[in-house]
>>> print(open('my_file-v5.pdb').read())   # PDB, C-alpha atoms
ATOM      1  CA  MET A 122     -18.414 -10.650  47.209
ATOM      2  CA  THR A 123     -19.015 -11.128  50.960
ATOM      3  CA  ARG A 124     -19.413  -7.837  52.830
ATOM      4  CA  LYS A 125     -17.797  -7.454  56.221
ATOM      5  CA  LEU A 126     -20.318  -6.934  58.998
ATOM      6  CA  PRO A 127     -19.716  -3.830  61.104
ATOM      7  CA  GLY A 128     -18.048  -4.238  64.475
ATOM      8  CA  LYS A 129     -19.613  -3.233  67.754
ATOM      9  CA  ALA A 130     -18.120   0.259  67.866
ATOM     10  CA  GLU A 131     -19.150   1.005  64.274
ATOM     11  CA  ARG A 132     -22.763   0.355  65.157
ATOM     12  CA  TYR A 133     -22.796   3.317  67.534
ATOM     13  CA  PHE A 134     -22.778   5.861  64.716
ATOM     14  CA  THR A 135     -26.207   7.467  64.335
ATOM     15  CA  THR A 136     -27.502   8.345  60.872
ATOM     16  CA  GLY A 137     -30.577   9.136  58.899
ATOM     17  CA  ILE A 138     -31.579   6.892  56.004
ATOM     18  CA  SER A 139     -32.235   7.902  52.415
ATOM     19  CA  MET A 140     -33.664   5.885  49.564
ATOM     20  CA  ILE A 141     -31.602   6.390  46.413
ATOM     21  CA  THR A 142     -33.649   6.033  43.239
ATOM     22  CA  SER A 143     -32.283   5.503  39.748
ATOM     23  CA  GLN A 144     -33.425   4.644  36.234
ATOM     24  CA  GLY A 145     -31.190   2.537  34.028
ATOM     25  CA  PRO A 146     -30.922  -0.157  31.383
ATOM     26  CA  HIS A 147     -32.784  -2.651  33.591
ATOM     27  CA  GLY A 148     -35.501  -0.261  34.683
ATOM     28  CA  SER A 149     -35.966   1.718  37.863
ATOM     29  CA  ASN A 150     -34.397   0.794  41.193
ATOM     30  CA  VAL A 151     -34.311   1.911  44.803
ATOM     31  CA  MET A 152     -31.746   1.230  47.517
ATOM     32  CA  ALA A 153     -31.381   2.336  51.141
ATOM     33  CA  ALA A 154     -28.267   4.306  52.090
ATOM     34  CA  GLU A 155     -27.142   5.521  55.512
ATOM     35  CA  TRP A 156     -24.226   7.605  54.309
ATOM     36  CA  VAL A 157     -25.979  10.467  52.558
ATOM     37  CA  MET A 158     -25.364  14.118  53.383
ATOM     38  CA  GLN A 159     -25.546  17.638  52.033
ATOM     39  CA  ILE A 160     -22.012  18.949  51.498
ATOM     40  CA  SER A 161     -22.585  22.412  49.961
ATOM     41  CA  TYR A 162     -25.137  25.221  50.110
ATOM     42  CA  ASN A 163     -24.331  26.998  46.852
ATOM     43  CA  PRO A 164     -24.649  25.043  44.706
ATOM     44  CA  ILE A 165     -26.590  22.498  46.726
ATOM     45  CA  LEU A 166     -24.558  19.290  46.566
ATOM     46  CA  ILE A 167     -25.421  15.926  48.101
ATOM     47  CA  ALA A 168     -22.933  13.086  48.569
ATOM     48  CA  ALA A 169     -24.099   9.476  48.686
ATOM     49  CA  PHE A 170     -21.762   6.574  49.445
ATOM     50  CA  ILE A 171     -22.780   3.390  47.663
ATOM     51  CA  HIS A 172     -21.230  -0.070  47.771
ATOM     52  CA  LYS A 173     -19.415  -0.896  44.555
ATOM     53  CA  GLY A 174     -21.096  -3.456  42.333
ATOM     54  CA  SER A 175     -24.656  -2.402  43.161
ATOM     55  CA  GLN A 176     -27.278  -2.067  40.446
ATOM     56  CA  THR A 177     -27.927   1.494  41.632
ATOM     57  CA  LEU A 178     -24.317   2.414  40.947
ATOM     58  CA  LYS A 179     -24.516   0.904  37.451
ATOM     59  CA  ASN A 180     -27.680   2.892  36.734
ATOM     60  CA  ILE A 181     -26.168   6.175  37.921
ATOM     61  CA  GLU A 182     -22.933   5.621  36.001
ATOM     62  CA  LYS A 183     -25.030   5.153  32.848
ATOM     63  CA  THR A 184     -27.553   8.003  33.293
ATOM     64  CA  LYS A 185     -25.560  10.488  35.402
ATOM     65  CA  GLU A 186     -28.564  11.236  37.622
ATOM     66  CA  PHE A 187     -30.269   9.959  40.778
ATOM     67  CA  GLY A 188     -32.900  10.798  43.365
ATOM     68  CA  VAL A 189     -32.305  11.250  47.092
ATOM     69  CA  ASN A 190     -35.429  10.527  49.127
ATOM     70  CA  VAL A 191     -34.859  11.128  52.837
ATOM     71  CA  ALA A 192     -36.974   8.554  54.671
ATOM     72  CA  SER A 193     -39.593   9.550  57.208
ATOM     73  CA  GLU A 194     -40.315   7.719  60.444
ATOM     74  CA  LYS A 195     -43.333   6.088  58.780
ATOM     75  CA  GLN A 196     -41.192   4.360  56.137
ATOM     76  CA  THR A 197     -39.402   1.637  58.078
ATOM     77  CA  SER A 198     -40.860  -1.099  55.852
ATOM     78  CA  GLN A 199     -39.853   0.679  52.645
ATOM     79  CA  VAL A 200     -36.331   1.219  53.950
ATOM     80  CA  SER A 201     -35.991  -2.395  55.096
ATOM     81  CA  VAL A 202     -36.995  -3.742  51.691
ATOM     82  CA  ALA A 203     -34.944  -1.153  49.776
ATOM     83  CA  GLY A 204     -31.887  -2.130  51.812
ATOM     84  CA  GLY A 205     -32.578  -5.834  52.190
ATOM     85  CA  TYR A 206     -32.996  -6.785  48.533
ATOM     86  CA  SER A 207     -30.840  -6.210  45.486
ATOM     87  CA  GLY A 208     -32.296  -4.906  42.248
ATOM     88  CA  SER A 209     -30.907  -8.041  40.592
ATOM     89  CA  GLU A 210     -33.128 -10.149  42.874
ATOM     90  CA  ILE A 211     -36.455  -8.363  42.482
ATOM     91  CA  ASP A 212     -37.949  -5.235  40.955
ATOM     92  CA  LYS A 213     -38.518  -3.456  44.252
ATOM     93  CA  MET A 214     -40.320  -0.486  42.706
ATOM     94  CA  GLN A 215     -43.118  -2.785  41.533
ATOM     95  CA  ILE A 216     -44.061  -3.771  45.108
ATOM     96  CA  LYS A 217     -47.219  -1.668  45.142
ATOM     97  CA  ASN A 218     -48.091  -2.016  48.836
ATOM     98  CA  LEU A 219     -44.725  -0.502  49.791
ATOM     99  CA  PHE A 220     -43.526   2.164  47.389
ATOM    100  CA  ASN A 221     -45.734   5.023  46.247
ATOM    101  CA  ILE A 222     -43.849   6.274  43.209
ATOM    102  CA  ILE A 223     -44.153   9.836  41.907
ATOM    103  CA  LYS A 224     -42.699  11.206  38.678
ATOM    104  CA  SER A 225     -39.721  13.514  39.096
ATOM    105  CA  LYS A 226     -39.748  16.923  37.404
ATOM    106  CA  LYS A 227     -36.127  17.347  36.272
ATOM    107  CA  ILE A 228     -34.720  13.811  36.001
ATOM    108  CA  ASN A 229     -35.925  10.439  34.720
ATOM    109  CA  ALA A 230     -35.269   8.608  37.987
ATOM    110  CA  PRO A 231     -38.503   8.411  40.012
ATOM    111  CA  SER A 232     -39.170   9.889  43.436
ATOM    112  CA  ILE A 233     -40.884   8.309  46.452
ATOM    113  CA  SER A 234     -43.765  10.013  48.217
ATOM    114  CA  GLY A 235     -44.042  10.273  52.001
ATOM    115  CA  CYS A 236     -40.398  11.295  52.479
ATOM    116  CA  THR A 237     -39.157  14.291  54.416
ATOM    117  CA  ILE A 238     -37.068  15.461  51.428
ATOM    118  CA  ASN A 239     -37.085  14.588  47.745
ATOM    119  CA  ALA A 240     -34.012  15.827  45.873
ATOM    120  CA  GLU A 241     -33.388  15.356  42.151
ATOM    121  CA  CYS A 242     -29.656  15.242  41.401
ATOM    122  CA  ILE A 243     -27.291  15.353  38.438
ATOM    123  CA  LEU A 244     -24.026  13.464  38.965
ATOM    124  CA  VAL A 245     -21.005  15.810  39.117
ATOM    125  CA  LYS A 246     -18.351  13.618  40.759
ATOM    126  CA  LYS A 247     -17.619   9.940  41.322
ATOM    127  CA  GLU A 248     -14.747   8.667  43.438
ATOM    128  CA  LYS A 249     -13.898   5.305  45.015
ATOM    129  CA  ILE A 250     -13.262   5.706  48.735
ATOM    130  CA  GLY A 251     -12.462   2.551  50.696
ATOM    131  CA  ASP A 252     -14.995  -0.147  49.904
ATOM    132  CA  HIS A 253     -17.623   2.380  48.743
ATOM    133  CA  VAL A 254     -18.040   4.798  45.858
ATOM    134  CA  MET A 255     -18.811   8.431  46.601
ATOM    135  CA  LEU A 256     -21.357   9.966  44.250
ATOM    136  CA  VAL A 257     -21.793  13.736  44.431
ATOM    137  CA  GLY A 258     -24.956  15.098  42.897
ATOM    138  CA  LYS A 259     -25.915  18.680  42.133
ATOM    139  CA  VAL A 260     -29.504  19.265  43.186
ATOM    140  CA  VAL A 261     -31.634  20.523  40.303
ATOM    141  CA  ARG A 262     -34.899  20.322  42.215
ATOM    142  CA  MET A 263     -35.744  19.730  45.862
ATOM    143  CA  GLN A 264     -38.890  19.728  47.954
ATOM    144  CA  HIS A 265     -39.666  18.908  51.578
ATOM    145  CA  ASP A 266     -42.682  17.899  53.619
ATOM    146  CA  GLU A 267     -42.847  19.650  56.999
ATOM    147  CA  SER A 268     -45.494  17.203  58.193
ATOM    148  CA  GLN A 269     -42.989  14.307  58.097
ATOM    149  CA  SER A 270     -40.239  13.614  60.633
ATOM    150  CA  PRO A 271     -36.984  11.940  59.545
ATOM    151  CA  LEU A 272     -36.166   8.353  60.392
ATOM    152  CA  ILE A 273     -33.112   7.753  62.609
ATOM    153  CA  TYR A 274     -30.933   4.624  62.446
ATOM    154  CA  HIS A 275     -28.766   3.467  65.360
ATOM    155  CA  ARG A 276     -27.391   0.032  66.328
ATOM    156  CA  ASN A 277     -29.443  -1.718  63.620
ATOM    157  CA  ARG A 278     -32.695  -0.240  64.900
ATOM    158  CA  TYR A 279     -35.011   2.581  63.841
ATOM    159  CA  PHE A 280     -35.779   5.575  66.054
ATOM    160  CA  GLN A 281     -37.808   8.765  66.029
ATOM    161  CA  ILE A 282     -36.615  12.273  66.783
ATOM    162  CA  GLY A 283     -37.516  13.069  70.393
ATOM    163  CA  PRO A 284     -38.162  16.408  72.094
ATOM    164  CA  ALA A 285     -35.661  19.167  71.414
ATOM    165  CA  ILE A 286     -32.859  19.518  73.967
ATOM    166  CA  GLU A 287     -31.978  23.048  74.938
ATOM    167  CA  PRO A 288     -28.213  23.642  75.290
ATOM    168  CA  GLN A 289     -27.196  24.209  78.898
ATOM    169  CA  ARG A 290     -26.953  27.896  79.759
ATOM    170  CA  GLU A 291     -26.737  29.815  83.001
ATOM    171  CA  GLU A 292     -29.821  32.006  83.382
ATOM    172  CA  ILE A 293     -29.388  35.535  84.711
ATOM    173  CA  LEU A 294     -32.258  37.908  85.454
ATOM    174  CA  VAL A 295     -31.278  41.465  84.556
ATOM    175  CA  ASP A 296     -32.905  44.887  84.545
ATOM    176  CA  LYS A 297     -34.179  46.578  81.402
ATOM    177  CA  GLU A 298     -31.107  48.745  80.856
ATOM    178  CA  THR A 299     -28.679  45.823  81.130
ATOM    179  CA  PHE A 300     -30.785  43.684  78.815
ATOM    180  CA  GLU A 301     -31.063  46.420  76.198
ATOM    181  CA  PHE A 302     -27.310  47.040  76.349
ATOM    182  CA  PHE A 303     -26.427  43.448  75.480
ATOM    183  CA  SER A 304     -29.335  43.058  73.087
ATOM    184  CA  ASN A 305     -28.104  46.096  71.155
ATOM    185  CA  LEU A 306     -24.597  44.611  71.083
ATOM    186  CA  ALA A 307     -26.041  41.407  69.602
ATOM    187  CA  GLN A 308     -27.669  43.291  66.692
ATOM    188  CA  LYS A 309     -30.314  40.569  66.339
ATOM    189  CA  ARG A 310     -27.743  37.755  66.266
ATOM    190  CA  PHE A 311     -29.035  34.503  67.762
ATOM    191  CA  VAL A 312     -25.965  34.281  70.031
ATOM    192  CA  LEU A 313     -23.792  37.225  71.075
ATOM    193  CA  LYS A 314     -20.139  36.131  71.146
ATOM    194  CA  CYS A 315     -17.995  38.129  73.571
ATOM    195  CA  ILE A 316     -14.549  37.902  75.075
ATOM    196  CA  GLY A 317     -13.781  39.486  78.430
ATOM    197  CA  ILE A 318     -11.371  39.671  81.345
ATOM    198  CA  THR A 319     -11.974  39.635  85.087
ATOM    199  CA  VAL A 320      -9.567  41.323  87.479
ATOM    200  CA  LYS A 321     -10.385  40.400  91.076
ATOM    201  CA  SER A 322      -8.977  41.737  94.313
ATOM    202  CA  LYS A 323     -10.213  40.143  97.536
ATOM    203  CA  ASN A 324     -13.987  40.580  97.419
ATOM    204  CA  LYS A 325     -13.857  43.221  94.701
ATOM    205  CA  ILE A 326     -13.944  43.088  90.923
ATOM    206  CA  LEU A 327     -12.699  45.771  88.557
ATOM    207  CA  VAL A 328     -15.175  47.139  86.020
ATOM    208  CA  ILE A 329     -15.350  49.864  83.416
ATOM    209  CA  LYS A 330     -18.200  52.182  82.483
ATOM    210  CA  GLN A 331     -19.517  51.538  79.013
ATOM    211  CA  PRO A 332     -19.604  54.544  76.646
ATOM    212  CA  ASN A 333     -22.951  56.332  76.353
ATOM    213  CA  SER A 334     -24.406  54.168  79.098
ATOM    214  CA  SER A 335     -24.604  53.906  82.865
ATOM    215  CA  ILE A 336     -23.809  50.179  82.546
ATOM    216  CA  GLN A 337     -20.628  48.963  84.224
ATOM    217  CA  THR A 338     -19.098  45.712  83.051
ATOM    218  CA  ILE A 339     -15.836  43.855  83.136
ATOM    219  CA  PRO A 340     -13.634  44.815  80.158
ATOM    220  CA  LEU A 341     -15.211  42.989  77.213
ATOM    221  CA  CYS A 342     -15.311  43.209  73.446
ATOM    222  CA  ILE A 343     -16.900  41.497  70.460
ATOM    223  CA  PRO A 344     -14.300  39.890  68.157
ATOM    224  CA  SER A 345     -14.762  39.902  64.409
ATOM    225  CA  PRO A 346     -15.821  36.535  62.938
ATOM    226  CA  GLY A 347     -12.845  34.400  61.931
ATOM    227  CA  LYS A 348     -10.316  36.603  63.741
ATOM    228  CA  ASN A 349      -8.072  35.504  66.605
ATOM    229  CA  HIS A 350      -9.944  36.298  69.816
ATOM    230  CA  VAL A 351      -6.923  36.809  72.085
ATOM    231  CA  ARG A 352      -5.249  39.274  69.732
ATOM    232  CA  HIS A 353      -8.547  41.135  69.410
ATOM    233  CA  LEU A 354      -8.825  41.360  73.199
ATOM    234  CA  GLU A 355      -5.218  42.546  73.527
ATOM    235  CA  ARG A 356      -5.815  45.312  70.971
ATOM    236  CA  PHE A 357      -9.006  46.287  72.782
ATOM    237  CA  LEU A 358      -7.185  46.557  76.128
ATOM    238  CA  LYS A 359      -4.431  48.634  74.509
ATOM    239  CA  ASN A 360      -6.994  51.001  72.953
ATOM    240  CA  ILE A 361      -8.628  51.649  76.326
ATOM    241  CA  LYS A 362      -5.169  51.965  77.935
ATOM    242  CA  LEU A 363      -5.355  48.967  80.240
ATOM    243  CA  ASP A 364      -2.079  47.167  80.926
ATOM    244  CA  LEU A 365      -3.306  43.716  81.948
ATOM    245  CA  LYS A 366      -1.744  40.247  81.878
ATOM    246  CA  LEU A 367      -4.044  37.448  80.738
ATOM    247  CA  ASP A 368      -4.049  33.931  82.117
ATOM    248  CA  SER A 369      -3.254  31.401  79.416
ATOM    249  CA  GLU A 370      -6.401  29.292  79.877
ATOM    250  CA  PRO A 371      -9.852  30.857  79.521
ATOM    251  CA  ILE A 372     -13.212  29.480  80.595
ATOM    252  CA  MET A 373     -16.459  29.521  78.645
ATOM    253  CA  LYS A 374     -19.626  31.041  80.079
ATOM    254  CA  ARG A 375     -22.811  30.145  78.212
ATOM    255  CA  LEU A 376     -25.478  32.533  79.410
ATOM    256  CA  VAL A 377     -29.019  33.585  78.743
ATOM    257  CA  LEU A 378     -30.016  37.029  79.978
ATOM    258  CA  LYS A 379     -33.687  37.370  80.821
ATOM    259  CA  TYR A 380     -35.820  40.441  81.224
ATOM    260  CA  GLU A 381     -39.558  39.827  81.575
ATOM    261  CA  LYS A 382     -40.398  37.629  78.529
ATOM    262  CA  ASN A 383     -37.303  38.615  76.569
ATOM    263  CA  PHE A 384     -34.031  36.708  76.452
ATOM    264  CA  GLN A 385     -30.598  37.060  74.878
ATOM    265  CA  ARG A 386     -28.086  34.224  74.506
ATOM    266  CA  ILE A 387     -24.432  35.033  75.155
ATOM    267  CA  ASN A 388     -21.254  32.990  74.741
ATOM    268  CA  MET A 389     -18.499  34.619  76.822
ATOM    269  CA  ILE A 390     -14.870  33.510  76.622
ATOM    270  CA  LEU A 391     -13.524  34.721  79.937
ATOM    271  CA  TYR A 392      -9.920  35.264  81.039
ATOM    272  CA  ASN A 393      -8.629  36.055  84.490
ATOM    273  CA  GLY A 394      -6.276  39.004  84.439
ATOM    274  CA  LYS A 395      -3.772  40.871  86.580
ATOM    275  CA  ILE A 396      -2.783  44.511  86.509
ATOM    276  CA  LYS A 397       0.836  44.743  85.406
ATOM    277  CA  SER A 398       1.354  48.197  86.809
ATOM    278  CA  GLU A 399      -0.226  50.098  89.696
ATOM    279  CA  LYS A 400      -0.287  53.263  87.600
ATOM    280  CA  GLU A 401      -3.583  55.084  87.223
ATOM    281  CA  HIS A 402      -6.112  53.149  85.204
ATOM    282  CA  SER A 403      -9.790  53.433  84.329
ATOM    283  CA  LEU A 404     -10.941  50.360  86.270
ATOM    284  CA  LYS A 405     -13.233  50.810  89.231
ATOM    285  CA  SER A 406     -13.600  48.417  92.164
ATOM    286  CA  VAL A 407     -17.098  47.223  92.979
ATOM    287  CA  SER A 408     -18.483  44.493  95.173
ATOM    288  CA  LEU A 409     -18.228  41.068  93.629
ATOM    289  CA  ASP A 410     -21.659  39.727  92.687
ATOM    290  CA  PRO A 411     -22.851  36.975  90.335
ATOM    291  CA  ILE A 412     -23.792  39.278  87.476
ATOM    292  CA  LEU A 413     -20.633  41.395  87.462
ATOM    293  CA  SER A 414     -18.414  38.342  87.848
ATOM    294  CA  ILE A 415     -19.831  37.063  84.549
ATOM    295  CA  LEU A 416     -20.483  40.270  82.630
TER
END
>>> encode(input="my_file-v5.pdb", output="structure tokens")
Amino acid sequence: MTRKLPGKAERYFTTGISMITSQGPHGSNVMAAEWVMQISYNPILIAAFIHKGSQTLKNIEKTKEFGVNVASEKQTSQVSVAGGYSGSEIDKMQIKNLFNIIKSKKINAPSISGCTINAECILVKKEKIGDHVMLVGKVVRMQHDESQSPLIYHRNRYFQIGPAIEPQREEILVDKETFEFFSNLAQKRFVLKCIGITVKSKNKILVIKQPNSSIQTIPLCIPSPGKNHVRHLERFLKNIKLDLKLDSEPIMKRLVLKYEKNFQRINMILYNGKIKSEKEHSLKSVSLDPILSIL
């Protein structure tokens, strides 16, 4: 069967590469696969998409087990051979100057040393999807090597992972009391998720005093995970007796508060608001400044 070569747009997907190992009626085999991913934490499940008709697929159908060996950046030759030759053409595992085979602990299929991850899997699901077959394996044993970096595949070429890219955030220097206030709200969460409302009047902004603190902020609250943020904010405003109208479209403020060597990340969904009634309310007008306009 002639396989269709990917079009130009399809080549722009970026993947890792794993070497799928198996042991079957014709011995051991290894193939390279781009489409391999973890799909569950508990239990740990890995899905691998394999072209129908491959010797690897025949092995796994027979034995109901396979190995997932996530290639490292040092294994471009192994991956090229594993993907460039069929098991019906040559016994790839016998090429001694390429594959360093290690015995698996829980399955008969071998593992390959030098990988970032070696996972031993028992087949739990098989399903034909398009021109590939999805194999889902339950991991019965897995190990990783922190000294190895994964291999990246993009536009028919191999790449390394580069320096980490920090997400863009607006940095704000704050005093100790302000930092501790928001840090306590975060309760050691990596990112504090807030939702707030700004009510501006000329060069003034309306703020409220936070309970048990001298900190003044715009009205803000911390929604419960998975709950509708707008309804949470509306209930919060009702509880503190503020009759405000929210604009329909919020903005996102991605912040990092800094105090000396400490920092706290904040994601703030921010609405503009208007006071519906001029009746007495608990908001106080203060001069508009960069910190208060955000917090």
>>> residues_near_point(input="my_file-v5.pdb", point="(-22.6, 18.7, 33.4)", cutoff="10 Å", atoms="all atoms listed in the file", output="PyMOL selection string")
chain A and resi 185+243-246+259
>>> resolve_selection(input="my_file-v5.pdb", expression="the PyMOL selection byres ((chain A and resi 343) around 9)", output="list of chain:residue names")
A:Leu306, A:Leu313, A:Lys314, A:Cys315, A:Ile316, A:Gly317, A:Leu341, A:Cys342, A:Pro344, A:Ser345, A:His350, A:His353, A:Leu354
>>> atom_distance(input="my_file-v5.pdb", atom1="CA of Lys227 (chain A)", atom2="CA of Thr136 (chain A)")
27.6 Å
>>> resolve_selection(input="my_file-v5.pdb", expression="the PyMOL selection byres ((chain A and resi 367) around 10)", output="PyMOL selection string")
chain A and resi 318-320+351+354-355+364-366+368-371+391-397
>>> resolve_selection(input="my_file-v5.pdb", expression="the PyMOL selection byres ((chain A and resi 388) around 7)", output="PyMOL selection string")
chain A and resi 312-315+374-376+386-387+389-390
>>> residues_around(input="my_file-v5.pdb", residues="His265 (chain A)", least_positions_apart="4", cutoff="8 Å", atoms="all atoms listed in the file", output="list in words")
Cys236, Thr237, Ile238 and Asn239 of chain A
>>> closest_residue(input="my_file-v5.pdb", among="A:Ile167, A:Arg310, A:Val202, A:Phe134", to="Ala153 (chain A)", atoms="only C-alpha atoms")
A:Val202
>>> closest_residue(input="my_file-v5.pdb", among="A:Pro231, A:Pro340, A:Pro164, A:Gly174", to="Ser143 (chain A)", atoms="all atoms listed in the file")
A:Pro231
>>> atom_distance(input="my_file-v5.pdb", atom1="CA of Ser175 (chain A)", atom2="CA of Ser207 (chain A)")
7.6 Å
>>> residues_near_point(input="my_file-v5.pdb", point="(-34.3, -7.3, 40.5)", cutoff="10 Å", atoms="only C-alpha atoms", output="PDB file with C-alpha atoms, in the coordinates of the input")
ATOM      1  CA  HIS A 147     -32.784  -2.651  33.591  1.00  0.00           C
ATOM      2  CA  GLY A 148     -35.501  -0.261  34.683  1.00  0.00           C
ATOM      3  CA  SER A 149     -35.966   1.718  37.863  1.00  0.00           C
ATOM      4  CA  ASN A 150     -34.397   0.794  41.193  1.00  0.00           C
ATOM      5  CA  GLN A 176     -27.278  -2.067  40.446  1.00  0.00           C
ATOM      6  CA  TYR A 206     -32.996  -6.785  48.533  1.00  0.00           C
ATOM      7  CA  SER A 207     -30.840  -6.210  45.486  1.00  0.00           C
ATOM      8  CA  GLY A 208     -32.296  -4.906  42.248  1.00  0.00           C
ATOM      9  CA  SER A 209     -30.907  -8.041  40.592  1.00  0.00           C
ATOM     10  CA  GLU A 210     -33.128 -10.149  42.874  1.00  0.00           C
ATOM     11  CA  ILE A 211     -36.455  -8.363  42.482  1.00  0.00           C
ATOM     12  CA  ASP A 212     -37.949  -5.235  40.955  1.00  0.00           C
ATOM     13  CA  LYS A 213     -38.518  -3.456  44.252  1.00  0.00           C
ATOM     14  CA  MET A 214     -40.320  -0.486  42.706  1.00  0.00           C
ATOM     15  CA  GLN A 215     -43.118  -2.785  41.533  1.00  0.00           C
TER      16      GLN A 215
END
>>> axis_aligned_box(input="my_file-v5.pdb", around="region 365-378 of chain A", padding_each_side="8 Å", output="JSON")
{"center_x": -15.9, "center_y": 36.5, "center_z": 80.2, "size_x": 44.3, "size_y": 30.4, "size_z": 19.9}
>>> closest_residue(input="my_file-v5.pdb", among="A:Met373, A:Ile171, A:Val260, A:Ala130", to="Val157 (chain A)", atoms="all atoms listed in the file")
A:Ile171
>>> atom_distance(input="my_file-v5.pdb", atom1="CA of Met255 (chain A)", atom2="CA of Pro146 (chain A)")
21.3 Å
>>> closest_residue(input="my_file-v5.pdb", among="A:Tyr380, A:Tyr133, A:Phe302, A:Phe357", to="Gln331 (chain A)", atoms="only C-alpha atoms")
A:Phe302
>>> closest_residue(input="my_file-v5.pdb", among="A:Ala168, A:Ile138, A:Ile222, A:Ile293", to="Ser234 (chain A)", atoms="only C-alpha atoms")
A:Ile222
>>> residues_around(input="my_file-v5.pdb", residues="Lys382 (chain A)", least_positions_apart="3", cutoff="12 Å", atoms="only C-alpha atoms", output="compact mmCIF listing (two decimals) with C-alpha atoms, keeping the file's coordinate frame")
# COMPACT_ATOMS: atom_id res chain seq x y z
CA LEU A 294 -32.26 37.91 85.45
CA VAL A 295 -31.28 41.46 84.56
CA LYS A 297 -34.18 46.58 81.40
CA PHE A 300 -30.78 43.68 78.82
CA LEU A 378 -30.02 37.03 79.98
CA LYS A 379 -33.69 37.37 80.82
CA GLN A 385 -30.60 37.06 74.88
>>> closest_residue(input="my_file-v5.pdb", among="A:Gly235, A:Lys249, A:Lys183, A:Ser198", to="Glu267 (chain A)", atoms="only C-alpha atoms")
A:Gly235
>>> decode(input="my_file-v5.pdb", residues="region 283-288 of chain A", atoms="all heavy atoms", output="JSON list (two decimals), in the first residue's frame")
[["chain", "number", "residue", "atom", "x", "y", "z"],
["A", 283, "GLY", "N", 15.06, 24.34, 23.42],
["A", 283, "GLY", "CA", 15.87, 25.52, 23.70],
["A", 283, "GLY", "C", 15.61, 26.05, 25.10],
["A", 283, "GLY", "O", 14.97, 25.40, 25.93],
["A", 284, "PRO", "N", 16.10, 27.25, 25.38],
["A", 284, "PRO", "CA", 15.88, 27.85, 26.71],
["A", 284, "PRO", "C", 14.39, 28.03, 26.99],
["A", 284, "PRO", "O", 13.59, 28.24, 26.08],
["A", 284, "PRO", "CB", 16.59, 29.21, 26.60],
["A", 284, "PRO", "CG", 17.54, 29.07, 25.45],
["A", 284, "PRO", "CD", 16.90, 28.11, 24.50],
["A", 285, "ALA", "N", 14.05, 27.94, 28.26],
["A", 285, "ALA", "CA", 12.65, 28.13, 28.66],
["A", 285, "ALA", "C", 12.20, 29.56, 28.36],
["A", 285, "ALA", "O", 12.99, 30.51, 28.47],
["A", 285, "ALA", "CB", 12.48, 27.84, 30.15],
["A", 286, "ILE", "N", 10.95, 29.70, 27.96],
["A", 286, "ILE", "CA", 10.37, 31.01, 27.67],
["A", 286, "ILE", "C", 9.40, 31.36, 28.78],
["A", 286, "ILE", "O", 8.43, 30.62, 29.02],
["A", 286, "ILE", "CB", 9.64, 31.01, 26.31],
["A", 286, "ILE", "CG1", 10.62, 30.66, 25.18],
["A", 286, "ILE", "CG2", 8.97, 32.35, 26.04],
["A", 286, "ILE", "CD1", 9.96, 30.49, 23.84],
["A", 287, "GLU", "N", 9.66, 32.44, 29.46],
["A", 287, "GLU", "CA", 8.76, 32.86, 30.53],
["A", 287, "GLU", "C", 7.53, 33.52, 29.93],
["A", 287, "GLU", "O", 7.65, 34.37, 29.04],
["A", 287, "GLU", "CB", 9.46, 33.85, 31.47],
["A", 287, "GLU", "CG", 10.54, 33.24, 32.33],
["A", 287, "GLU", "CD", 9.99, 32.21, 33.31],
["A", 287, "GLU", "OE1", 8.83, 32.38, 33.75],
["A", 287, "GLU", "OE2", 10.70, 31.25, 33.63],
["A", 288, "PRO", "N", 6.32, 33.13, 30.37],
["A", 288, "PRO", "CA", 5.10, 33.79, 29.88],
["A", 288, "PRO", "C", 5.15, 35.28, 30.18],
["A", 288, "PRO", "O", 5.68, 35.70, 31.21],
["A", 288, "PRO", "CB", 3.98, 33.10, 30.67],
["A", 288, "PRO", "CG", 4.57, 31.80, 31.12],
["A", 288, "PRO", "CD", 6.03, 32.06, 31.32]]
